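Structure first, then comments.
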Amino acid sequence: MTDLLKDKIAVVTGGSSGIGLATAKRLAAEGATVFITGRRQAELDKAVAGIDGAATAVQADVSRLSDLDRLFETVRSKEGRLDILFANAGILEKAPLGAITEEAVDRLLTVNVKGTIFTVQKALPLLSDGASVILTSSVVAQKGLPAGSVYAATKAAIRSLARTWVADLKPRAIRVNVVSPGPIETSGLKGGAPAGVSGDSYLAALANYVPLGRVGKAEEIAQVVAFLASDAASFITGADIQADGGFAQI
């Protein structure tokens, strides 16, 4: 790897698995000091052990503001500032219209939307002028898929938040961008397989709809995030980078 992010301080929420963990590994490999969060301490400990570089695990649920306070106090006490924030934590639940429950709506909105809002807001005092904020949305914000209306709406909200925050943060030159993955081989996506369909079979079926003929890898999204976090993307803000193998583009 290079020193693309040398001396940068980064936070990755939802960093114990999938895209978050792949990104934490990439940022650390590029020279950043990385803090990762997740809800389960055992998974966090395992994740940190697999990161080759400076990494710290902080158990935190982004839907709990007290947990976010503890996260950023840890960053403040150890490093004193924050240069990169990857607000990645989120959950996926599916239900077709007619079977959507109030509890599911509350969970999705609380974690995916409220969690993102307060992750960024509570990071503000630590963010350096010119820092990079990257939010995880999804191509489903643009492409309607069965049984995904509430989840897709939360991801569309994240795209909207980025546009407004670019304007809010203009005086500090903080860049806010969105990465919108398509089908990516993660445990989360496999877990969204329809009843009676294995995770691997579900991914294979999705690959048929991707122009590149395959689902993506978490490491491919990590490369996009590392670019957006770096000075190489210094004139990119308010963008939605759709890393989806063409899934939502045709």
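Chain labels A, B, ... are given in the sequence in which chains occur in the structure tokens; within each chain residues are numbered consecutively from 1, and ligands are likewise numbered from 1 in the order shown.
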Query - Residue contacts of range 211-228 of chain A (9 Å, only C-alpha atoms) excluding same-chain residues fewer than 3 positions away, as a PyMOL selection string - result: chain A and resi 4-5+18-27+30+86+132-134+175+177-186+203-204+206-208+231-234+236-237+241+243-247+250
Can those selected residues be exported to a file as a tab-separated table (two decimals), in the first residue's frame so that it contains N, CA and C atoms?
```
chain	number	residue	atom	x	y	z
A	4	LEU	N	-1.11	7.03	1.40
A	4	LEU	CA	-2.20	7.91	0.95
A	4	LEU	C	-2.86	8.64	2.11
A	5	LEU	N	-2.99	7.96	3.26
A	5	LEU	CA	-3.69	8.53	4.41
A	5	LEU	C	-2.78	8.64	5.63
A	18	GLY	N	-17.88	-7.09	7.18
A	18	GLY	CA	-18.35	-6.61	5.89
A	18	GLY	C	-17.60	-5.42	5.34
A	19	ILE	N	-18.34	-4.48	4.76
A	19	ILE	CA	-17.75	-3.30	4.14
A	19	ILE	C	-17.00	-2.47	5.17
A	20	GLY	N	-17.53	-2.36	6.37
A	20	GLY	CA	-16.87	-1.56	7.40
A	20	GLY	C	-15.50	-2.10	7.76
A	21	LEU	N	-15.40	-3.40	7.95
A	21	LEU	CA	-14.12	-4.00	8.31
A	21	LEU	C	-13.14	-3.92	7.14
A	22	ALA	N	-13.61	-4.21	5.95
A	22	ALA	CA	-12.73	-4.11	4.78
A	22	ALA	C	-12.18	-2.70	4.64
A	23	THR	N	-13.03	-1.71	4.92
A	23	THR	CA	-12.59	-0.32	4.81
A	23	THR	C	-11.61	0.04	5.91
A	24	ALA	N	-11.88	-0.41	7.13
A	24	ALA	CA	-10.94	-0.15	8.22
A	24	ALA	C	-9.56	-0.71	7.89
A	25	LYS	N	-9.53	-1.92	7.34
A	25	LYS	CA	-8.25	-2.52	6.95
A	25	LYS	C	-7.56	-1.68	5.88
A	26	ARG	N	-8.32	-1.21	4.92
A	26	ARG	CA	-7.74	-0.41	3.84
A	26	ARG	C	-7.20	0.92	4.35
A	27	LEU	N	-7.98	1.60	5.18
A	27	LEU	CA	-7.54	2.89	5.71
A	27	LEU	C	-6.26	2.73	6.53
A	30	GLU	N	-3.27	2.22	4.42
A	30	GLU	CA	-2.85	3.45	3.76
A	30	GLU	C	-2.25	4.45	4.74
A	86	PHE	N	-16.28	7.61	8.40
A	86	PHE	CA	-17.06	6.73	7.53
A	86	PHE	C	-18.27	6.26	8.32
A	132	SER	N	-12.92	14.72	5.72
A	132	SER	CA	-13.75	13.98	4.77
A	132	SER	C	-14.75	13.12	5.53
A	133	VAL	N	-16.03	13.31	5.20
A	133	VAL	CA	-17.12	12.49	5.75
A	133	VAL	C	-17.69	11.67	4.61
A	134	ILE	N	-17.79	10.37	4.81
A	134	ILE	CA	-18.37	9.47	3.80
A	134	ILE	C	-19.53	8.72	4.44
A	175	ARG	N	-15.70	17.98	3.39
A	175	ARG	CA	-16.32	17.31	2.26
A	175	ARG	C	-17.24	16.19	2.75
A	177	ASN	N	-19.44	13.05	1.14
A	177	ASN	CA	-19.77	12.25	-0.03
A	177	ASN	C	-20.48	10.97	0.38
A	178	VAL	N	-21.08	10.34	-0.60
A	178	VAL	CA	-21.85	9.11	-0.39
A	178	VAL	C	-21.26	8.01	-1.25
A	179	VAL	N	-21.15	6.83	-0.70
A	179	VAL	CA	-20.86	5.65	-1.50
A	179	VAL	C	-22.10	4.76	-1.47
A	180	SER	N	-22.53	4.36	-2.67
A	180	SER	CA	-23.74	3.54	-2.80
A	180	SER	C	-23.37	2.20	-3.42
A	181	PRO	N	-23.13	1.19	-2.57
A	181	PRO	CA	-22.79	-0.13	-3.11
A	181	PRO	C	-23.99	-0.79	-3.78
A	182	GLY	N	-23.67	-1.61	-4.76
A	182	GLY	CA	-24.66	-2.53	-5.31
A	182	GLY	C	-24.60	-3.83	-4.53
A	183	PRO	N	-24.93	-4.95	-5.17
A	183	PRO	CA	-24.84	-6.24	-4.46
A	183	PRO	C	-23.39	-6.56	-4.10
A	184	ILE	N	-23.11	-6.68	-2.82
A	184	ILE	CA	-21.77	-6.95	-2.32
A	184	ILE	C	-21.81	-8.23	-1.48
A	185	GLU	N	-20.82	-9.07	-1.65
A	185	GLU	CA	-20.77	-10.34	-0.92
A	185	GLU	C	-20.44	-10.09	0.55
A	186	THR	N	-21.48	-9.98	1.37
A	186	THR	CA	-21.34	-9.78	2.80
A	186	THR	C	-22.34	-10.68	3.52
A	203	LEU	N	-26.97	-14.72	-3.81
A	203	LEU	CA	-25.93	-13.91	-4.45
A	203	LEU	C	-25.76	-14.30	-5.91
A	204	ALA	N	-25.81	-15.58	-6.20
A	204	ALA	CA	-25.67	-16.05	-7.58
A	204	ALA	C	-26.81	-15.52	-8.45
A	206	LEU	N	-28.53	-12.73	-7.86
A	206	LEU	CA	-28.32	-11.29	-8.03
A	206	LEU	C	-27.28	-11.00	-9.10
A	207	ALA	N	-26.26	-11.84	-9.18
A	207	ALA	CA	-25.19	-11.63	-10.15
A	207	ALA	C	-25.72	-11.60	-11.58
A	208	ASN	N	-26.82	-12.28	-11.82
A	208	ASN	CA	-27.41	-12.29	-13.16
A	208	ASN	C	-27.91	-10.92	-13.59
A	231	ASP	N	-6.69	13.08	-0.12
A	231	ASP	CA	-6.53	14.36	-0.80
A	231	ASP	C	-6.69	14.23	-2.31
A	232	ALA	N	-6.62	12.99	-2.82
A	232	ALA	CA	-6.85	12.78	-4.25
A	232	ALA	C	-8.28	13.15	-4.65
A	233	ALA	N	-9.19	13.19	-3.67
A	233	ALA	CA	-10.59	13.56	-3.93
A	233	ALA	C	-10.89	14.95	-3.39
A	234	SER	N	-9.90	15.81	-3.35
A	234	SER	CA	-10.04	17.12	-2.70
A	234	SER	C	-11.08	18.03	-3.33
A	236	ILE	N	-13.96	16.82	-4.69
A	236	ILE	CA	-15.20	16.03	-4.78
A	236	ILE	C	-15.97	16.17	-3.48
A	237	THR	N	-17.17	16.72	-3.57
A	237	THR	CA	-18.06	16.80	-2.41
A	237	THR	C	-19.50	16.81	-2.89
A	241	ILE	N	-21.16	8.13	-5.22
A	241	ILE	CA	-20.38	7.20	-6.03
A	241	ILE	C	-21.07	5.84	-5.99
A	243	ALA	N	-20.97	2.32	-6.69
A	243	ALA	CA	-20.07	1.21	-6.97
A	243	ALA	C	-20.90	-0.07	-6.99
A	244	ASP	N	-21.44	-0.36	-8.17
A	244	ASP	CA	-22.47	-1.40	-8.24
A	244	ASP	C	-22.34	-2.33	-9.43
A	245	GLY	N	-21.21	-2.29	-10.13
A	245	GLY	CA	-21.04	-3.15	-11.29
A	245	GLY	C	-22.03	-2.87	-12.40
A	246	GLY	N	-22.67	-1.68	-12.35
A	246	GLY	CA	-23.66	-1.31	-13.35
A	246	GLY	C	-25.08	-1.71	-13.01
A	247	PHE	N	-25.29	-2.29	-11.83
A	247	PHE	CA	-26.58	-2.84	-11.42
A	247	PHE	C	-27.73	-1.83	-11.56
A	250	ILE	N	-28.29	0.72	-15.75
A	250	ILE	CA	-28.86	0.42	-17.06
A	250	ILE	C	-30.30	-0.05	-16.91
```
Report task. Tell me, as a PyMOL selection string, which residues lie within 12 Å of Glu103 in chain A, counting only C-alpha atoms; anything in the same chain fewer than 5 positions away does not count. Result -> chain A and resi 93+95+108-110+150
If DSSP is run on the backbone, what residues of range 124-221 of chain A are helix (DSSP H, G or I)? A reply as a PDB file with N, CA, C and O atoms, in the first residue's frame would be ideal.
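This went into states-v5.pdb:
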```
ATOM      1  N   VAL A 139     -27.540   1.498  -3.801  1.00  0.00           N
ATOM      2  CA  VAL A 139     -28.189   1.727  -5.088  1.00  0.00           C
ATOM      3  C   VAL A 139     -29.686   1.503  -5.004  1.00  0.00           C
ATOM      4  O   VAL A 139     -30.426   1.951  -5.892  1.00  0.00           O
ATOM      5  N   VAL A 140     -30.171   0.848  -3.946  1.00  0.00           N
ATOM      6  CA  VAL A 140     -31.617   0.677  -3.830  1.00  0.00           C
ATOM      7  C   VAL A 140     -32.321   1.998  -3.567  1.00  0.00           C
ATOM      8  O   VAL A 140     -33.551   2.083  -3.675  1.00  0.00           O
ATOM      9  N   ALA A 141     -31.571   3.048  -3.247  1.00  0.00           N
ATOM     10  CA  ALA A 141     -32.174   4.375  -3.129  1.00  0.00           C
ATOM     11  C   ALA A 141     -32.681   4.866  -4.480  1.00  0.00           C
ATOM     12  O   ALA A 141     -33.551   5.732  -4.546  1.00  0.00           O
ATOM     13  N   SER A 149     -38.958  -1.401   0.536  1.00  0.00           N
ATOM     14  CA  SER A 149     -39.338   0.012   0.484  1.00  0.00           C
ATOM     15  C   SER A 149     -38.816   0.827   1.662  1.00  0.00           C
ATOM     16  O   SER A 149     -38.299   1.936   1.485  1.00  0.00           O
ATOM     17  N   VAL A 150     -38.934   0.313   2.875  1.00  0.00           N
ATOM     18  CA  VAL A 150     -38.519   1.095   4.042  1.00  0.00           C
ATOM     19  C   VAL A 150     -36.994   1.212   4.084  1.00  0.00           C
ATOM     20  O   VAL A 150     -36.443   2.298   4.298  1.00  0.00           O
ATOM     21  N   TYR A 151     -36.303   0.105   3.858  1.00  0.00           N
ATOM     22  CA  TYR A 151     -34.840   0.145   3.814  1.00  0.00           C
ATOM     23  C   TYR A 151     -34.369   1.118   2.740  1.00  0.00           C
ATOM     24  O   TYR A 151     -33.478   1.951   2.976  1.00  0.00           O
ATOM     25  N   ALA A 152     -34.958   1.035   1.551  1.00  0.00           N
ATOM     26  CA  ALA A 152     -34.568   1.925   0.458  1.00  0.00           C
ATOM     27  C   ALA A 152     -34.815   3.387   0.824  1.00  0.00           C
ATOM     28  O   ALA A 152     -34.012   4.268   0.484  1.00  0.00           O
ATOM     29  N   ALA A 153     -35.913   3.646   1.514  1.00  0.00           N
ATOM     30  CA  ALA A 153     -36.217   5.020   1.920  1.00  0.00           C
ATOM     31  C   ALA A 153     -35.163   5.562   2.885  1.00  0.00           C
ATOM     32  O   ALA A 153     -34.786   6.729   2.825  1.00  0.00           O
ATOM     33  N   THR A 154     -34.663   4.698   3.780  1.00  0.00           N
ATOM     34  CA  THR A 154     -33.619   5.165   4.704  1.00  0.00           C
ATOM     35  C   THR A 154     -32.344   5.485   3.939  1.00  0.00           C
ATOM     36  O   THR A 154     -31.631   6.437   4.280  1.00  0.00           O
ATOM     37  N   LYS A 155     -32.048   4.736   2.898  1.00  0.00           N
ATOM     38  CA  LYS A 155     -30.844   4.985   2.123  1.00  0.00           C
ATOM     39  C   LYS A 155     -30.997   6.225   1.242  1.00  0.00           C
ATOM     40  O   LYS A 155     -30.026   6.951   0.994  1.00  0.00           O
ATOM     41  N   ALA A 156     -32.211   6.477   0.760  1.00  0.00           N
ATOM     42  CA  ALA A 156     -32.469   7.713   0.024  1.00  0.00           C
ATOM     43  C   ALA A 156     -32.325   8.925   0.952  1.00  0.00           C
ATOM     44  O   ALA A 156     -31.843   9.984   0.544  1.00  0.00           O
ATOM     45  N   ALA A 157     -32.739   8.765   2.204  1.00  0.00           N
ATOM     46  CA  ALA A 157     -32.591   9.853   3.174  1.00  0.00           C
ATOM     47  C   ALA A 157     -31.125  10.202   3.376  1.00  0.00           C
ATOM     48  O   ALA A 157     -30.756  11.378   3.495  1.00  0.00           O
ATOM     49  N   ILE A 158     -30.260   9.192   3.412  1.00  0.00           N
ATOM     50  CA  ILE A 158     -28.829   9.438   3.597  1.00  0.00           C
ATOM     51  C   ILE A 158     -28.270  10.236   2.430  1.00  0.00           C
ATOM     52  O   ILE A 158     -27.478  11.178   2.618  1.00  0.00           O
ATOM     53  N   ARG A 159     -28.687   9.911   1.215  1.00  0.00           N
ATOM     54  CA  ARG A 159     -28.250  10.700   0.049  1.00  0.00           C
ATOM     55  C   ARG A 159     -28.691  12.149   0.192  1.00  0.00           C
ATOM     56  O   ARG A 159     -27.926  13.079  -0.116  1.00  0.00           O
ATOM     57  N   SER A 160     -29.897  12.363   0.658  1.00  0.00           N
ATOM     58  CA  SER A 160     -30.414  13.720   0.842  1.00  0.00           C
ATOM     59  C   SER A 160     -29.649  14.470   1.933  1.00  0.00           C
ATOM     60  O   SER A 160     -29.328  15.647   1.788  1.00  0.00           O
ATOM     61  N   LEU A 161     -29.347  13.781   3.018  1.00  0.00           N
ATOM     62  CA  LEU A 161     -28.594  14.414   4.104  1.00  0.00           C
ATOM     63  C   LEU A 161     -27.253  14.929   3.608  1.00  0.00           C
ATOM     64  O   LEU A 161     -26.817  16.032   3.968  1.00  0.00           O
ATOM     65  N   ALA A 162     -26.582  14.156   2.786  1.00  0.00           N
ATOM     66  CA  ALA A 162     -25.263  14.563   2.295  1.00  0.00           C
ATOM     67  C   ALA A 162     -25.340  15.872   1.529  1.00  0.00           C
ATOM     68  O   ALA A 162     -24.483  16.752   1.690  1.00  0.00           O
ATOM     69  N   ARG A 163     -26.341  16.022   0.708  1.00  0.00           N
ATOM     70  CA  ARG A 163     -26.479  17.252  -0.076  1.00  0.00           C
ATOM     71  C   ARG A 163     -26.612  18.467   0.833  1.00  0.00           C
ATOM     72  O   ARG A 163     -26.003  19.517   0.596  1.00  0.00           O
ATOM     73  N   THR A 164     -27.420  18.347   1.861  1.00  0.00           N
ATOM     74  CA  THR A 164     -27.642  19.471   2.763  1.00  0.00           C
ATOM     75  C   THR A 164     -26.423  19.737   3.629  1.00  0.00           C
ATOM     76  O   THR A 164     -26.047  20.893   3.871  1.00  0.00           O
ATOM     77  N   TRP A 165     -25.777  18.685   4.089  1.00  0.00           N
ATOM     78  CA  TRP A 165     -24.615  18.866   4.958  1.00  0.00           C
ATOM     79  C   TRP A 165     -23.453  19.517   4.224  1.00  0.00           C
ATOM     80  O   TRP A 165     -22.652  20.229   4.831  1.00  0.00           O
ATOM     81  N   VAL A 166     -23.346  19.274   2.925  1.00  0.00           N
ATOM     82  CA  VAL A 166     -22.316  19.973   2.150  1.00  0.00           C
ATOM     83  C   VAL A 166     -22.488  21.479   2.300  1.00  0.00           C
ATOM     84  O   VAL A 166     -21.509  22.219   2.483  1.00  0.00           O
ATOM     85  N   ALA A 167     -23.732  21.930   2.235  1.00  0.00           N
ATOM     86  CA  ALA A 167     -24.003  23.364   2.391  1.00  0.00           C
ATOM     87  C   ALA A 167     -23.753  23.817   3.826  1.00  0.00           C
ATOM     88  O   ALA A 167     -23.169  24.878   4.075  1.00  0.00           O
ATOM     89  N   ASP A 168     -24.190  23.017   4.792  1.00  0.00           N
ATOM     90  CA  ASP A 168     -23.994  23.370   6.200  1.00  0.00           C
ATOM     91  C   ASP A 168     -22.514  23.508   6.550  1.00  0.00           C
ATOM     92  O   ASP A 168     -22.135  24.356   7.375  1.00  0.00           O
ATOM     93  N   LYS A 170     -19.924  24.084   4.499  1.00  0.00           N
ATOM     94  CA  LYS A 170     -19.116  24.875   3.563  1.00  0.00           C
ATOM     95  C   LYS A 170     -18.094  25.765   4.263  1.00  0.00           C
ATOM     96  O   LYS A 170     -16.938  25.834   3.821  1.00  0.00           O
ATOM     97  N   PRO A 171     -18.452  26.462   5.354  1.00  0.00           N
ATOM     98  CA  PRO A 171     -17.460  27.344   5.984  1.00  0.00           C
ATOM     99  C   PRO A 171     -16.215  26.616   6.495  1.00  0.00           C
ATOM    100  O   PRO A 171     -15.158  27.238   6.662  1.00  0.00           O
ATOM    101  N   ARG A 172     -16.324  25.318   6.742  1.00  0.00           N
ATOM    102  CA  ARG A 172     -15.180  24.553   7.256  1.00  0.00           C
ATOM    103  C   ARG A 172     -14.536  23.679   6.179  1.00  0.00           C
ATOM    104  O   ARG A 172     -13.606  22.944   6.475  1.00  0.00           O
ATOM    105  N   SER A 187     -22.100 -10.902   4.797  1.00  0.00           N
ATOM    106  CA  SER A 187     -23.042 -11.707   5.575  1.00  0.00           C
ATOM    107  C   SER A 187     -24.392 -11.013   5.662  1.00  0.00           C
ATOM    108  O   SER A 187     -25.442 -11.663   5.705  1.00  0.00           O
ATOM    109  N   GLY A 188     -24.380  -9.677   5.677  1.00  0.00           N
ATOM    110  CA  GLY A 188     -25.635  -8.933   5.749  1.00  0.00           C
ATOM    111  C   GLY A 188     -26.511  -9.166   4.536  1.00  0.00           C
ATOM    112  O   GLY A 188     -27.722  -9.369   4.661  1.00  0.00           O
ATOM    113  N   LEU A 189     -25.907  -9.127   3.335  1.00  0.00           N
ATOM    114  CA  LEU A 189     -26.691  -9.355   2.126  1.00  0.00           C
ATOM    115  C   LEU A 189     -27.161 -10.798   2.048  1.00  0.00           C
ATOM    116  O   LEU A 189     -28.303 -11.081   1.681  1.00  0.00           O
ATOM    117  N   LYS A 190     -26.295 -11.731   2.413  1.00  0.00           N
ATOM    118  CA  LYS A 190     -26.702 -13.139   2.417  1.00  0.00           C
ATOM    119  C   LYS A 190     -27.879 -13.361   3.367  1.00  0.00           C
ATOM    120  O   LYS A 190     -28.789 -14.148   3.090  1.00  0.00           O
ATOM    121  N   GLY A 191     -27.842 -12.632   4.496  1.00  0.00           N
ATOM    122  CA  GLY A 191     -28.926 -12.770   5.461  1.00  0.00           C
ATOM    123  C   GLY A 191     -30.251 -12.235   4.967  1.00  0.00           C
ATOM    124  O   GLY A 191     -31.299 -12.533   5.542  1.00  0.00           O
ATOM    125  N   GLY A 199     -27.948 -18.238   1.186  1.00  0.00           N
ATOM    126  CA  GLY A 199     -27.267 -16.982   0.921  1.00  0.00           C
ATOM    127  C   GLY A 199     -26.462 -17.030  -0.361  1.00  0.00           C
ATOM    128  O   GLY A 199     -26.485 -16.087  -1.172  1.00  0.00           O
ATOM    129  N   ASP A 200     -25.750 -18.124  -0.605  1.00  0.00           N
ATOM    130  CA  ASP A 200     -24.936 -18.247  -1.810  1.00  0.00           C
ATOM    131  C   ASP A 200     -25.809 -18.285  -3.063  1.00  0.00           C
ATOM    132  O   ASP A 200     -25.461 -17.685  -4.095  1.00  0.00           O
ATOM    133  N   SER A 201     -26.933 -18.973  -2.997  1.00  0.00           N
ATOM    134  CA  SER A 201     -27.839 -19.028  -4.147  1.00  0.00           C
ATOM    135  C   SER A 201     -28.423 -17.654  -4.443  1.00  0.00           C
ATOM    136  O   SER A 201     -28.602 -17.266  -5.607  1.00  0.00           O
ATOM    137  N   TYR A 202     -28.700 -16.914  -3.375  1.00  0.00           N
ATOM    138  CA  TYR A 202     -29.245 -15.566  -3.536  1.00  0.00           C
ATOM    139  C   TYR A 202     -28.230 -14.663  -4.233  1.00  0.00           C
ATOM    140  O   TYR A 202     -28.573 -13.918  -5.160  1.00  0.00           O
ATOM    141  N   LEU A 203     -26.968 -14.725  -3.811  1.00  0.00           N
ATOM    142  CA  LEU A 203     -25.930 -13.914  -4.453  1.00  0.00           C
ATOM    143  C   LEU A 203     -25.765 -14.299  -5.913  1.00  0.00           C
ATOM    144  O   LEU A 203     -25.589 -13.441  -6.785  1.00  0.00           O
ATOM    145  N   ALA A 204     -25.806 -15.584  -6.199  1.00  0.00           N
ATOM    146  CA  ALA A 204     -25.673 -16.048  -7.582  1.00  0.00           C
ATOM    147  C   ALA A 204     -26.814 -15.519  -8.446  1.00  0.00           C
ATOM    148  O   ALA A 204     -26.607 -15.135  -9.606  1.00  0.00           O
ATOM    149  N   ALA A 205     -28.027 -15.470  -7.875  1.00  0.00           N
ATOM    150  CA  ALA A 205     -29.169 -14.938  -8.623  1.00  0.00           C
ATOM    151  C   ALA A 205     -29.010 -13.451  -8.871  1.00  0.00           C
ATOM    152  O   ALA A 205     -29.292 -12.948  -9.968  1.00  0.00           O
ATOM    153  N   LEU A 206     -28.530 -12.728  -7.862  1.00  0.00           N
ATOM    154  CA  LEU A 206     -28.319 -11.288  -8.027  1.00  0.00           C
ATOM    155  C   LEU A 206     -27.280 -11.000  -9.102  1.00  0.00           C
ATOM    156  O   LEU A 206     -27.399 -10.025  -9.849  1.00  0.00           O
ATOM    157  N   ALA A 207     -26.261 -11.842  -9.179  1.00  0.00           N
ATOM    158  CA  ALA A 207     -25.188 -11.627 -10.153  1.00  0.00           C
ATOM    159  C   ALA A 207     -25.723 -11.600 -11.580  1.00  0.00           C
ATOM    160  O   ALA A 207     -25.145 -10.941 -12.457  1.00  0.00           O
ATOM    161  N   ALA A 218     -16.350  -6.638  -0.700  1.00  0.00           N
ATOM    162  CA  ALA A 218     -16.275  -5.533   0.260  1.00  0.00           C
ATOM    163  C   ALA A 218     -15.013  -4.708   0.047  1.00  0.00           C
ATOM    164  O   ALA A 218     -15.026  -3.483   0.220  1.00  0.00           O
ATOM    165  N   GLU A 219     -13.933  -5.362  -0.359  1.00  0.00           N
ATOM    166  CA  GLU A 219     -12.670  -4.658  -0.590  1.00  0.00           C
ATOM    167  C   GLU A 219     -12.779  -3.639  -1.724  1.00  0.00           C
ATOM    168  O   GLU A 219     -12.059  -2.620  -1.727  1.00  0.00           O
ATOM    169  N   GLU A 220     -13.666  -3.889  -2.673  1.00  0.00           N
ATOM    170  CA  GLU A 220     -13.844  -2.943  -3.780  1.00  0.00           C
ATOM    171  C   GLU A 220     -14.523  -1.658  -3.308  1.00  0.00           C
ATOM    172  O   GLU A 220     -14.224  -0.564  -3.810  1.00  0.00           O
ATOM    173  N   ILE A 221     -15.425  -1.779  -2.354  1.00  0.00           N
ATOM    174  CA  ILE A 221     -16.039  -0.581  -1.773  1.00  0.00           C
ATOM    175  C   ILE A 221     -15.022   0.146  -0.905  1.00  0.00           C
ATOM    176  O   ILE A 221     -14.959   1.381  -0.896  1.00  0.00           O
TER     177      ILE A 221
END
```
Requested in this report: One decimal, Å: what's the distance from CA of Asp106 in chain A over to CA of Lys143 in chain A, could you say?
Outcome: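 Separating CA of Asp106 in chain A from CA of Lys143 in chain A is a distance of 22.5 Å.
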Query raised in the report: Can you tell me, as an NGL selection string, what residues are no more than 12 Å from Thr74 in chain A when counting only C-alpha atoms, ignoring any on the same chain fewer than 2 positions away?
Result: :A and (11 or 34-37 or 56-60 or 67-72 or 76-82 or 123 or 126)
Dump N, CA and C atoms for the selected residues as an mmCIF file, in the first residue's frame?
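After the write, out-v5.cif holds the following:
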```
data_model
loop_
_atom_site.group_PDB
_atom_site.id
_atom_site.type_symbol
_atom_site.label_atom_id
_atom_site.label_comp_id
_atom_site.auth_asym_id
_atom_site.auth_seq_id
_atom_site.Cartn_x
_atom_site.Cartn_y
_atom_site.Cartn_z
ATOM 1 N N VAL A 11 -12.564 7.252 11.805
ATOM 2 C CA VAL A 11 -13.568 6.459 12.512
ATOM 3 C C VAL A 11 -14.414 5.736 11.476
ATOM 4 N N VAL A 34 -7.029 4.128 12.959
ATOM 5 C CA VAL A 34 -8.446 3.816 12.766
ATOM 6 C C VAL A 34 -9.121 3.416 14.070
ATOM 7 N N PHE A 35 -10.316 3.954 14.279
ATOM 8 C CA PHE A 35 -11.211 3.532 15.357
ATOM 9 C C PHE A 35 -12.409 2.864 14.694
ATOM 10 N N ILE A 36 -12.764 1.664 15.154
ATOM 11 C CA ILE A 36 -13.933 0.980 14.603
ATOM 12 C C ILE A 36 -14.968 0.760 15.703
ATOM 13 N N THR A 37 -16.226 0.755 15.296
ATOM 14 C CA THR A 37 -17.305 0.488 16.239
ATOM 15 C C THR A 37 -18.129 -0.702 15.777
ATOM 16 N N THR A 56 -8.210 0.764 16.998
ATOM 17 C CA THR A 56 -8.836 0.683 18.313
ATOM 18 C C THR A 56 -10.300 0.347 18.136
ATOM 19 N N ALA A 57 -10.809 -0.573 18.936
ATOM 20 C CA ALA A 57 -12.227 -0.938 18.905
ATOM 21 C C ALA A 57 -12.967 -0.239 20.026
ATOM 22 N N VAL A 58 -14.122 0.333 19.708
ATOM 23 C CA VAL A 58 -14.979 0.962 20.703
ATOM 24 C C VAL A 58 -16.377 0.382 20.538
ATOM 25 N N GLN A 59 -16.834 -0.368 21.536
ATOM 26 C CA GLN A 59 -18.184 -0.937 21.457
ATOM 27 C C GLN A 59 -19.201 0.200 21.484
ATOM 28 N N ALA A 60 -20.040 0.254 20.459
ATOM 29 C CA ALA A 60 -21.011 1.346 20.373
ATOM 30 C C ALA A 60 -22.139 0.970 19.434
ATOM 31 N N ASP A 67 -23.667 6.166 23.557
ATOM 32 C CA ASP A 67 -22.584 5.374 22.981
ATOM 33 C C ASP A 67 -21.741 6.222 22.035
ATOM 34 N N LEU A 68 -22.388 7.066 21.257
ATOM 35 C CA LEU A 68 -21.654 7.957 20.352
ATOM 36 C C LEU A 68 -20.806 8.949 21.149
ATOM 37 N N ASP A 69 -21.350 9.450 22.242
ATOM 38 C CA ASP A 69 -20.563 10.345 23.094
ATOM 39 C C ASP A 69 -19.301 9.646 23.588
ATOM 40 N N ARG A 70 -19.438 8.404 23.990
ATOM 41 C CA ARG A 70 -18.292 7.646 24.491
ATOM 42 C C ARG A 70 -17.279 7.380 23.376
ATOM 43 N N LEU A 71 -17.774 7.087 22.182
ATOM 44 C CA LEU A 71 -16.890 6.873 21.043
ATOM 45 C C LEU A 71 -16.024 8.096 20.784
ATOM 46 N N PHE A 72 -16.661 9.244 20.660
ATOM 47 C CA PHE A 72 -15.899 10.434 20.275
ATOM 48 C C PHE A 72 -15.063 10.985 21.420
ATOM 49 N N ARG A 76 -11.193 11.722 21.085
ATOM 50 C CA ARG A 76 -10.639 12.995 21.560
ATOM 51 C C ARG A 76 -9.488 12.768 22.529
ATOM 52 N N SER A 77 -9.666 11.846 23.471
ATOM 53 C CA SER A 77 -8.648 11.634 24.492
ATOM 54 C C SER A 77 -7.386 10.996 23.918
ATOM 55 N N LYS A 78 -7.540 10.151 22.896
ATOM 56 C CA LYS A 78 -6.381 9.468 22.323
ATOM 57 C C LYS A 78 -5.692 10.265 21.226
ATOM 58 N N GLU A 79 -6.457 10.975 20.411
ATOM 59 C CA GLU A 79 -5.867 11.623 19.232
ATOM 60 C C GLU A 79 -6.149 13.117 19.137
ATOM 61 N N GLY A 80 -7.248 13.574 19.736
ATOM 62 C CA GLY A 80 -7.518 15.009 19.763
ATOM 63 C C GLY A 80 -8.182 15.590 18.543
ATOM 64 N N ARG A 81 -8.340 14.786 17.494
ATOM 65 C CA ARG A 81 -8.989 15.298 16.275
ATOM 66 C C ARG A 81 -9.472 14.117 15.442
ATOM 67 N N LEU A 82 -10.202 14.430 14.365
ATOM 68 C CA LEU A 82 -10.713 13.415 13.452
ATOM 69 C C LEU A 82 -10.636 13.973 12.038
ATOM 70 N N ALA A 123 -19.649 14.088 15.816
ATOM 71 C CA ALA A 123 -18.245 14.131 15.392
ATOM 72 C C ALA A 123 -17.773 15.550 15.087
ATOM 73 N N LEU A 126 -14.786 17.416 16.686
ATOM 74 C CA LEU A 126 -13.477 16.797 16.477
ATOM 75 C C LEU A 126 -12.996 16.893 15.044
#
```
Query raised in the report: When distances are computed from only C-alpha atoms, which of A:Ala104, A:Val120, A:Leu65, A:Ala147 shows the smallest separation from Asn88 in chain A?
Result: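 Counting only C-alpha atoms, the residue closest to Asn88 in chain A is A:Val120.
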Query - Shortest interatomic distance to Thr116 in chain A - which of A:Val75, A:Ala89, A:Ala49, A:Leu169, counting only C-alpha atoms - result: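 Using only C-alpha atoms, the shortest distance to Thr116 in chain A belongs to A:Ala89.
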